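Notes to accompany the following structure.
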Amino acid sequence: MTSYQVTNPANGEIEEKYDSHSDQQVRDMLSESHNAYQSWRTSDVNERTRLLNNIADLYDEQRKVLAKIMACEMGKPVAQGEGELALVSQIFRYYATYGEQFLETPELPDTQNSVVKKESIGVLLGIMPWNYPHYQVARFIAPNLMLGNAIMLKHAPSCPQSATAITSILAQAGLPKSVYNNVFVTNEQVKSIINDKRIQGVSLTGSERAGAAVAQVAGAALKKVVLELGGSDPFIVLADADIDHAVECAFIGRFGNAGQACNAAKRIILHADIYDDFVKKLTHKVESLAPADPLNKATFLGPLSSAQALKTIQEQYDNAVNQGATVLVAGGQIAKPGAWFKPALLADITSDMKAYHDELFGPVAVVYKADDVEDAIRLANDTPFGLGACIHTQDMARGQCVAERLEVGMVAFNQAPGSAAELPFGGVKQSGFGRELGPYGMSEFVNFKLYHK
């Protein structure tokens with residue numbers, strides 16, 4: 001049975017197929033991972049540090065090749081792919097540099113000779129998406145390898161070449177066999193893996209539906225879960241903002257990676273005083289943006305990741321227009337082989353429209369006019385999601401006040417949405433729970449063990 005395959009979104013052609021692992025192969029890998037963990041958990045911290053630095057070096061060396069693989073698997077322009085891979089290297093180096101420090105714990109106050117030590121918990125299952133094939137994996141495995149946990153990793157079915165490349169890099173770096181196992185499995189097999197007594201935790205980045213399904217199975221099995229799900233992040237521009245800079249950040253934040261990012265600038269909320277000026281400038285940039293070959297280093301917008309992604313965003317776009325949204329820049333499917341979509345800009349989406357509540361996962365920007373700051377905050381919070389937000393203002397005191405009232409896990413000031421190795425990433429509400437990256441990345445799948453003497 002073949003369920004993992006590379007379908008190039010630039011031309012729609014199937015380039016390579018991979019067989020899923022059989023139930024027996026999965027059982028064997030579970031045993032191998034569990035056995036490998038018994039040694040890895042007691043490995044020297046210096047060995048883990050050396051390993052993470054080796055992984056970072058290999059990512060630097062193979063960056064161009066890996067970026068081309070992503071372009072052919074899910075359409076990411078190679079320049080953006082190389083940017084993703086540079087961040088991956090930074091993540092592994094960050095935990096190599098600070099991991100030992102993060103493992104340290106102070107003595108408990110008001111006790112004598114009692115400490116809490118951070119120790120590994122066992123074999124973890126990671127379920128990763130296609131939109132950032134290496135970054136999503138790195139932010140999960142780097143801190144957990146440093147902790148001494150072992151990993152079984154189910155990657156997206158559309159990214160098997162990236163999945164095998166990750167396995168190869170880890171082996172080249174010197175990771176002991178089966179401390180990391182890549183599994184090509186079905187959703188039914190995922191359930192059996194989660195229910196296996198040797199799995200101690202699950203991390204998923206993906207859709208709300210996938211998160212709910214995994215959380216249900218994991219909860220019944222009493223397994224710890226970290227979920228990073230969808231987002232409909234507000235990008236708030238107040239009246240005193242640097243408009244040109246904000247337009248550029250909104251443009252990059254909405255159309256980078258073809259708009260296929262959980263923390264993309266999906267709802268651009270503009271103070272009424274600057275609305276017309278901002279929209280005029282953003283309209284010009286969107287009109288000038290044309291999708292192009294993702295293998296060209298100059299390309300900013302490539303195809304969508306798949307035919308299904310194209311179908312979904314087209315349906316969402318059509319639904320918004322049919323329900324009365326104002327079309328500032330018309331977009332839609334481009335009539336040629338592959339998953340090509342002309343970028344669009346919409347306005348006047350109201351709360352009775354489906355697009356107001358949905359996550360638009362593609363190159364469709366939406367602008368909202370806010371009467372004042374209070375109205376901007378109301379619009380920003382009027383969503384089931386709560387991943388991140390951006391605020392553009394030159395009055396940082398007021399920006400801080402606005403940020404404190406936003407129902408999100410992350411707020412960025414005067415910049416495009418993004419990520420960094422040292423900064424915790426995660427959200428609230430239907431965007432999931434738990435945190436990755438920064439010191440918090442080593443505080444999820446860990447045993448805070450008390451030693452009381």
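Residue numbers start at 1 in each chain; chains themselves are named A, B, ... in the order of the structure tokens; ligands are numbered from 1 in the order shown.
Look at range 24-36 of chain A: the protein and nucleic acid residues within 8 Å of it, using only C-alpha atoms and passing over chain neighbours fewer than 3 places away, are His21, Ser39, Trp40, Gly122, Val123, Ala150, Ile151, Met152, Pro176, Lys177, Ser178, Val179, Tyr180, Asn181, Val183, Ile193 and Arg198 of chain A.
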- Name the residues in contact with range 54-64 of chain A at a cut-off of 10 Å, using only C-alpha atoms, excluding same-chain residues fewer than 4 positions from it; report them as a PyMOL selection string. chain A and resi 48-50+68-69+78-79+81-94+96+134+142+165-166+169-175
Residues of the last selection are to be written out with N, CA and C atoms, as an mmCIF file, in the first residue's frame.
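Output file out_35.cif follows:
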```cif
data_model
loop_
_atom_site.group_PDB
_atom_site.id
_atom_site.type_symbol
_atom_site.label_atom_id
_atom_site.label_comp_id
_atom_site.auth_asym_id
_atom_site.auth_seq_id
_atom_site.Cartn_x
_atom_site.Cartn_y
_atom_site.Cartn_z
ATOM 1 N N ARG A 48 25.323 14.581 23.954
ATOM 2 C CA ARG A 48 24.128 15.155 23.325
ATOM 3 C C ARG A 48 24.440 16.530 22.734
ATOM 4 N N THR A 49 25.221 17.302 23.456
ATOM 5 C CA THR A 49 25.620 18.621 22.944
ATOM 6 C C THR A 49 26.394 18.492 21.642
ATOM 7 N N ARG A 50 27.343 17.582 21.621
ATOM 8 C CA ARG A 50 28.135 17.351 20.412
ATOM 9 C C ARG A 50 27.235 16.933 19.257
ATOM 10 N N LYS A 68 15.717 22.545 -2.220
ATOM 11 C CA LYS A 68 15.187 22.092 -3.508
ATOM 12 C C LYS A 68 14.185 20.956 -3.310
ATOM 13 N N ILE A 69 14.452 20.089 -2.353
ATOM 14 C CA ILE A 69 13.501 19.005 -2.060
ATOM 15 C C ILE A 69 12.172 19.590 -1.605
ATOM 16 N N VAL A 78 12.773 28.368 -3.043
ATOM 17 C CA VAL A 78 14.039 27.918 -2.462
ATOM 18 C C VAL A 78 14.651 28.958 -1.534
ATOM 19 N N ALA A 79 14.463 30.245 -1.805
ATOM 20 C CA ALA A 79 15.015 31.264 -0.907
ATOM 21 C C ALA A 79 14.368 31.164 0.472
ATOM 22 N N GLY A 81 12.950 28.424 1.602
ATOM 23 C CA GLY A 81 13.374 27.141 2.128
ATOM 24 C C GLY A 81 14.730 27.230 2.806
ATOM 25 N N GLU A 82 15.642 27.966 2.193
ATOM 26 C CA GLU A 82 16.960 28.136 2.814
ATOM 27 C C GLU A 82 16.846 28.940 4.110
ATOM 28 N N GLY A 83 15.913 29.875 4.150
ATOM 29 C CA GLY A 83 15.677 30.614 5.393
ATOM 30 C C GLY A 83 15.151 29.711 6.490
ATOM 31 N N GLU A 84 14.236 28.817 6.143
ATOM 32 C CA GLU A 84 13.735 27.849 7.117
ATOM 33 C C GLU A 84 14.858 26.976 7.650
ATOM 34 N N LEU A 85 15.717 26.515 6.762
ATOM 35 C CA LEU A 85 16.796 25.620 7.165
ATOM 36 C C LEU A 85 17.854 26.327 8.006
ATOM 37 N N ALA A 86 18.054 27.626 7.758
ATOM 38 C CA ALA A 86 18.963 28.398 8.619
ATOM 39 C C ALA A 86 18.414 28.457 10.038
ATOM 40 N N LEU A 87 17.082 28.608 10.162
ATOM 41 C CA LEU A 87 16.459 28.608 11.487
ATOM 42 C C LEU A 87 16.605 27.247 12.152
ATOM 43 N N VAL A 88 16.498 26.177 11.378
ATOM 44 C CA VAL A 88 16.676 24.833 11.917
ATOM 45 C C VAL A 88 18.061 24.693 12.543
ATOM 46 N N SER A 89 19.083 25.144 11.825
ATOM 47 C CA SER A 89 20.440 25.099 12.375
ATOM 48 C C SER A 89 20.527 25.874 13.682
ATOM 49 N N GLN A 90 19.897 27.046 13.730
ATOM 50 C CA GLN A 90 19.917 27.867 14.933
ATOM 51 C C GLN A 90 19.250 27.154 16.106
ATOM 52 N N ILE A 91 18.179 26.422 15.828
ATOM 53 C CA ILE A 91 17.470 25.700 16.896
ATOM 54 C C ILE A 91 18.369 24.622 17.504
ATOM 55 N N PHE A 92 19.017 23.836 16.662
ATOM 56 C CA PHE A 92 19.892 22.790 17.197
ATOM 57 C C PHE A 92 21.081 23.391 17.946
ATOM 58 N N ARG A 93 21.645 24.485 17.437
ATOM 59 C CA ARG A 93 22.766 25.120 18.137
ATOM 60 C C ARG A 93 22.308 25.743 19.460
ATOM 61 N N TYR A 94 21.096 26.277 19.466
ATOM 62 C CA TYR A 94 20.573 26.890 20.695
ATOM 63 C C TYR A 94 20.509 25.869 21.825
ATOM 64 N N ALA A 96 22.102 23.022 21.926
ATOM 65 C CA ALA A 96 23.468 22.568 22.206
ATOM 66 C C ALA A 96 24.154 23.534 23.170
ATOM 67 N N HIS A 134 11.065 20.897 7.858
ATOM 68 C CA HIS A 134 12.225 20.697 8.735
ATOM 69 C C HIS A 134 12.095 21.482 10.042
ATOM 70 N N ALA A 142 14.798 18.719 18.821
ATOM 71 C CA ALA A 142 16.048 19.246 19.385
ATOM 72 C C ALA A 142 16.023 19.271 20.913
ATOM 73 N N ALA A 165 15.320 12.568 4.561
ATOM 74 C CA ALA A 165 16.522 13.409 4.666
ATOM 75 C C ALA A 165 16.833 13.715 6.123
ATOM 76 N N ILE A 166 15.803 13.962 6.921
ATOM 77 C CA ILE A 166 16.013 14.220 8.350
ATOM 78 C C ILE A 166 16.639 12.994 9.011
ATOM 79 N N ILE A 169 20.302 12.806 8.088
ATOM 80 C CA ILE A 169 21.129 13.802 8.774
ATOM 81 C C ILE A 169 21.419 13.372 10.210
ATOM 82 N N LEU A 170 20.404 12.873 10.903
ATOM 83 C CA LEU A 170 20.597 12.457 12.291
ATOM 84 C C LEU A 170 21.582 11.291 12.371
ATOM 85 N N ALA A 171 21.494 10.369 11.426
ATOM 86 C CA ALA A 171 22.431 9.234 11.411
ATOM 87 C C ALA A 171 23.844 9.714 11.113
ATOM 88 N N GLN A 172 23.982 10.614 10.136
ATOM 89 C CA GLN A 172 25.300 11.162 9.809
ATOM 90 C C GLN A 172 25.915 11.896 10.998
ATOM 91 N N ALA A 173 25.059 12.527 11.791
ATOM 92 C CA ALA A 173 25.553 13.288 12.943
ATOM 93 C C ALA A 173 26.035 12.390 14.065
ATOM 94 N N GLY A 174 25.647 11.108 14.030
ATOM 95 C CA GLY A 174 26.099 10.179 15.059
ATOM 96 C C GLY A 174 25.051 9.779 16.075
ATOM 97 N N LEU A 175 23.775 10.092 15.822
ATOM 98 C CA LEU A 175 22.724 9.685 16.753
ATOM 99 C C LEU A 175 22.643 8.164 16.777
#
```
- Query: Near range 355-360 of chain A, counting only C-alpha atoms, which residues have an atom at most 12 Å away, once you skip same-chain residues fewer than 6 positions from it, shown as a count of residues only?
  - Reply: 56
- Message: Need the shell around Glu287 in chain A: protein/DNA/RNA residues with any atom at most 9 Å away, counting only C-alpha atoms. Skip same-chain ones fewer than 2 positions apart. Format as number ranges by chain?
- Response: A: 282-285, 289-290, 329-330, 343-345
- Leaving out Lys336 in chain A and any residue of its chain fewer than 5 positions from it, which residues lie within 12 Å of it when counting only C-alpha atoms, given as a ChimeraX atom specification? /A:9-12,303,307,341-342
Any chance you can output those residues with C-alpha atoms as a short mmCIF file (atom, residue, chain, number, x, y, z; two decimals), in the first residue's frame?
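Once written, selection_11.cif looks like this:
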```cif
data_model
loop_
_atom_site.label_atom_id
_atom_site.label_comp_id
_atom_site.auth_asym_id
_atom_site.auth_seq_id
_atom_site.Cartn_x
_atom_site.Cartn_y
_atom_site.Cartn_z
CA PRO A 9 2.71 21.16 -6.93
CA ALA A 10 4.38 23.15 -9.70
CA ASN A 11 3.20 20.66 -12.36
CA GLY A 12 0.97 18.12 -10.60
CA PRO A 303 2.35 27.28 -5.94
CA ALA A 307 -4.29 20.16 -5.27
CA PHE A 341 -3.41 30.44 -7.20
CA LYS A 342 -3.39 34.14 -8.01
#
```
- Ala389 in chain A: which residues within 7 Å, counting only C-alpha atoms, same-chain residues fewer than 4 positions away excluded, as a PyMOL selection string? chain A and resi 233-235+408+410-412
- Neighbours of Lys223 in chain A within 12 Å (only C-alpha atoms; same-chain residues fewer than 2 positions away dropped), as a list in words? Ile121, Gly122, Val123, Leu124, Leu125, Ile193, Ile194, Asn195, Asp196, Lys197, Arg198, Ile199, Gln200, Gly201, Val202, Ser203, Val214, Ala215, Gln216, Val217, Ala218, Gly219, Ala220, Ala221, Val225, Val226, Glu444 and Phe445 of chain A
- In terms of the shortest atom-to-atom distance over only C-alpha atoms, which of A:Thr42, A:Val116, A:Ile141, A:Leu147 is closest to Phe102 in chain A?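 Residue with the minimum atom-to-atom distance to Phe102 in chain A: A:Leu147.
The interatomic distance for the pair CA of Gly256 in chain A and CA of Val137 in chain A works out to 19.5 Å.
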- Task: Mind listing the strand (DSSP E) residues of range 279-336 of chain A, per DSSP on the backbone, as a VMD selection string?
- Result: chain A and resid 326 to 329 332 to 333
Now that the selection is made, can you save its residues with N, CA and C atoms as a PDB file, in the first residue's frame?
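The resulting out_29.pdb:
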```
ATOM      1  N   THR A 326     -15.927  42.470  -0.327  1.00  0.00           N
ATOM      2  CA  THR A 326     -15.443  43.370  -1.382  1.00  0.00           C
ATOM      3  C   THR A 326     -14.112  42.868  -1.912  1.00  0.00           C
ATOM      4  N   VAL A 327     -14.019  42.725  -3.226  1.00  0.00           N
ATOM      5  CA  VAL A 327     -12.780  42.241  -3.852  1.00  0.00           C
ATOM      6  C   VAL A 327     -11.918  43.442  -4.224  1.00  0.00           C
ATOM      7  N   LEU A 328     -10.817  43.622  -3.501  1.00  0.00           N
ATOM      8  CA  LEU A 328      -9.871  44.691  -3.802  1.00  0.00           C
ATOM      9  C   LEU A 328      -8.858  44.247  -4.845  1.00  0.00           C
ATOM     10  N   VAL A 329      -8.435  42.995  -4.752  1.00  0.00           N
ATOM     11  CA  VAL A 329      -7.591  42.376  -5.777  1.00  0.00           C
ATOM     12  C   VAL A 329      -8.165  40.984  -6.023  1.00  0.00           C
ATOM     13  N   GLY A 332      -7.567  33.701  -7.514  1.00  0.00           N
ATOM     14  CA  GLY A 332      -8.185  32.436  -7.836  1.00  0.00           C
ATOM     15  C   GLY A 332      -7.248  31.498  -8.562  1.00  0.00           C
ATOM     16  N   GLN A 333      -7.755  30.307  -8.824  1.00  0.00           N
ATOM     17  CA  GLN A 333      -6.965  29.272  -9.472  1.00  0.00           C
ATOM     18  C   GLN A 333      -6.492  29.717 -10.848  1.00  0.00           C
TER      19      GLN A 333
END
```
- Length of the CA of Tyr18 in chain A to CA of Pro160 in chain A vector [Å]: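 Distance between the two atoms: 7.3 Å.
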- Message: I'd like to know which of A:Ile269, A:Cys401, A:Leu227, A:Met353 is closest to Val428 in chain A, using only C-alpha atoms.
- Response: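 Closest residue, counting only C-alpha atoms: A:Leu227.
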- Query: So which residues of range 207-312 of chain A fall under helix (DSSP H, G or I) by DSSP, listed as a count of residues only?
  - Reply: 52
- Query: When distances are computed from only C-alpha atoms, which of A:Pro143, A:Gly362, A:Pro77, A:Gly126 shows the smallest separation from Thr97 in chain A?
  - Reply: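 Looking only at the distances to Thr97 in chain A, the closest residue turns out to be A:Pro143.
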